[in-house]
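Undergrad: After the structure tokens below, expect a handful of questions from me.
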2 protein chains.
Amino acid sequence: MQGTRLDTTRIRAARQVIDPIFLDTPLYSCEALAPRLGCKVSIKLETANPVRSFKGRGTELVASLLAANGSQAAVCASAGNLGQALAWSARDRGLDITVVASRSAPATKLDRIRALGAKLELVDGDFDTARERAVAIAQHNGIRLVEDSLDIETCEGAATLGLELVDRTPSFDTVLIPLGGGALATGVGPVLKALAPEVEVICVQPAGAPAMTLSWRQRRVVTTDSTNTIADGVAGRCPIPAVLDDLLLVADDALLVQEASIITGMRMLLDHAGLVVEPSAALGIAAILENRDRFASRHVVTIVCGSNVNVDAYHRWIGATPI
Amino acid sequence: MQGTRLDTTRIRAARQVIDPIFLDTPLYSCEALAPRLGCKVSIKLETANPVRSFKGRGTELVASLLAANGSQAAVCASAGNLGQALAWSARDRGLDITVVASRSAPATKLDRIRALGAKLELVDGDFDTARERAVAIAQHNGIRLVEDSLDIETCEGAATLGLELVDRTPSFDTVLIPLGGGALATGVGPVLKALAPEVEVICVQPAGAPAMTLSWRQRRVVTTDSTNTIADGVAGRCPIPAVLDDLLLVADDALLVQEASIITGMRMLLDHAGLVVEPSAALGIAAILENRDRFASRHVVTIVCGSNVNVDAYHRWIGATPI
């Protein structure tokens, strides 16, 4: 396989830098889901940590390097989870963090960013508007711009999750990876391709925010004018070329799923796994629901990437009636 | 300290026998809870495993010994979680398990016991009625009776959780332990008293099922005629003398909490920690809610011991409106 930007030795070394609270997360078969989905489903749970998403793995690397380089401040755009994780990782290292986010991001994510001591700047518009604003702040203030998926540390952090899959699961056929900007997929993907090449790497994105999937399919960057999905964590319009290049090397497929399937996936994870998840974290289950024949009788690992969800919206989506 | 039935060397050895899927569970500070509870709250999460409770730690030891001794079968009474865990641990070891449970136990617990291949016998009555029936089955069939809290392995399994608290938390003041039959408290308690004697060990039980707490307070077995709590996992009437003896040696206090506090605790864990828990797992939060002054500014670890809850009942309890 042609090489991506990642290096396995560096990823193993990253484990020494990342706070152990983000590492060696639960990985277990959820048998109650199996008869309902027609396949063996194992859950890689990234929500049981102080920031309730996998993003802490990467921000630990970012913040550690910033501190080592004597940086005082940094800015990032975030759909909410990166900003929260960066604020967490920066706090004890004395870094001033500015997070730029959409005013429409879930209030719970924004509240946590503020509570962790970061400066929060809200923009009218979506995540990509926030990205533009973050670039301007970095240039104006002469501070480091942290770019999710583009900055190699954000992918290396996610890659440590891939190492855990390879090291700890006896065997599985497929891993389903929520796809947004691509940090998770281009982090986990190369590890699997290098160390468990028999495992199928499938990315899953909402049909309402398909830019990266369309780009992967057409092998060139495709942008969209808007997004329309409840999966706020993966709703981007403008894929980053270098990230797409890596994704083209490691993804065996990229699937788009409907909103109804995401909601059903969230309900199934609640009813049969006892897990509250944000919509992005249900993308894997949604993909199985829409492709039952493809996954029939296989052992599928799905990455439950985050649980930062507004509880009122959550209740509205899943309703109060069990399925 | 006078010795309990447990031995630290045996507990460390137990880690080698227990499937790693039950070990080294998440332990993390939930900062969103802190301002609402007035203290630092760390969560020890025992729900992210194939049986969604801590009971697998003990049943791994029980089943391993049964298999090593050439046993073919065993029977246990269970409120639901022990039975599920024993069925899981027994399945791959070729043991026939009979679980006796109350007909009123949560359907989701009973369904999982059946799905894991155990024989399920339901009794009219409560957990203590089930215990009597399990004794009769063991005697009639000449098979091993597995008794939660009394069988040392069930406590040693729980004790491995205590080792993880001591080994991985920098420092904490108090651990809040859900109290039912006492396996968790008499497992975790001795480890803390031996290795972190400065930590306060506080048991929490529903006021509607207070038998063990009343027994601890009066230093003799006190039974009750009935129980009245939604916390089905800890609802017993007849404490076991040997377990009480150990509890008297390790518990610094035993608190009773109201049902309303348990429900508020469940809602807080959902709204601010993103966790679905069964009522027993919210006992620690309930104790903080009812004793704010006592825990003010302290670092409290609460053990989230299980998440096997009927989703319809859960929705009914917590309602759909965030707090």
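We name chains A, B, ... following the order of the structure tokens; residues begin at 1 in each chain, and ligands are numbered from 1 as shown.
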Which polymer residues have any atom within 10 Å of an atom of segment 270-276 of chain B, counting only C-alpha atoms, with same-chain residues fewer than 6 positions away left out, as number ranges by chain?
TA: A: 47-52, 108, 270-271, 273-278, 306-312; B: 29-34, 36, 43, 45, 47, 264, 282, 304, 306-309, 311, 314, 318, 321-323
Undergrad: Please provide the set of residues having any atom within 9 Å of Val257 of chain B, restricted to only C-alpha atoms, with same-chain residues fewer than 4 positions apart removed, written as JSON, numbers by chain.
TA: {"B": [204, 205, 206, 207, 208, 261, 262, 283, 286, 287, 290]}
Undergrad: Given only C-alpha atoms as the basis, pick out the residue of B:Lys55, B:Lys193, B:Lys119, B:Arg114 nearest to chain A.
TA: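 For chain A, the nearest of the candidates is B:Arg114.
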Undergrad: Just list as an NGL selection string whatever in segment 74-112 of chain A DSSP marks as helix (DSSP H, G or I).
TA: :A and (81-91 or 107-112)
Undergrad: From a DSSP pass on the backbone, collect the residues of segment 35-227 of chain A flagged as strand (DSSP E or B) and hand them back as a PyMOL selection string.
TA: chain A and resi 40-45+53+73-77+96-102+119-123+144-146+174-178+200-206
Undergrad: Kindly indicate which residue among A:Gly181, A:Gly284, A:Gly38, A:Gly83 lies nearest to Pro241 of chain A, using only C-alpha atoms for the distances.
TA: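 Answer, going by the shortest atom-to-atom distance: A:Gly181.
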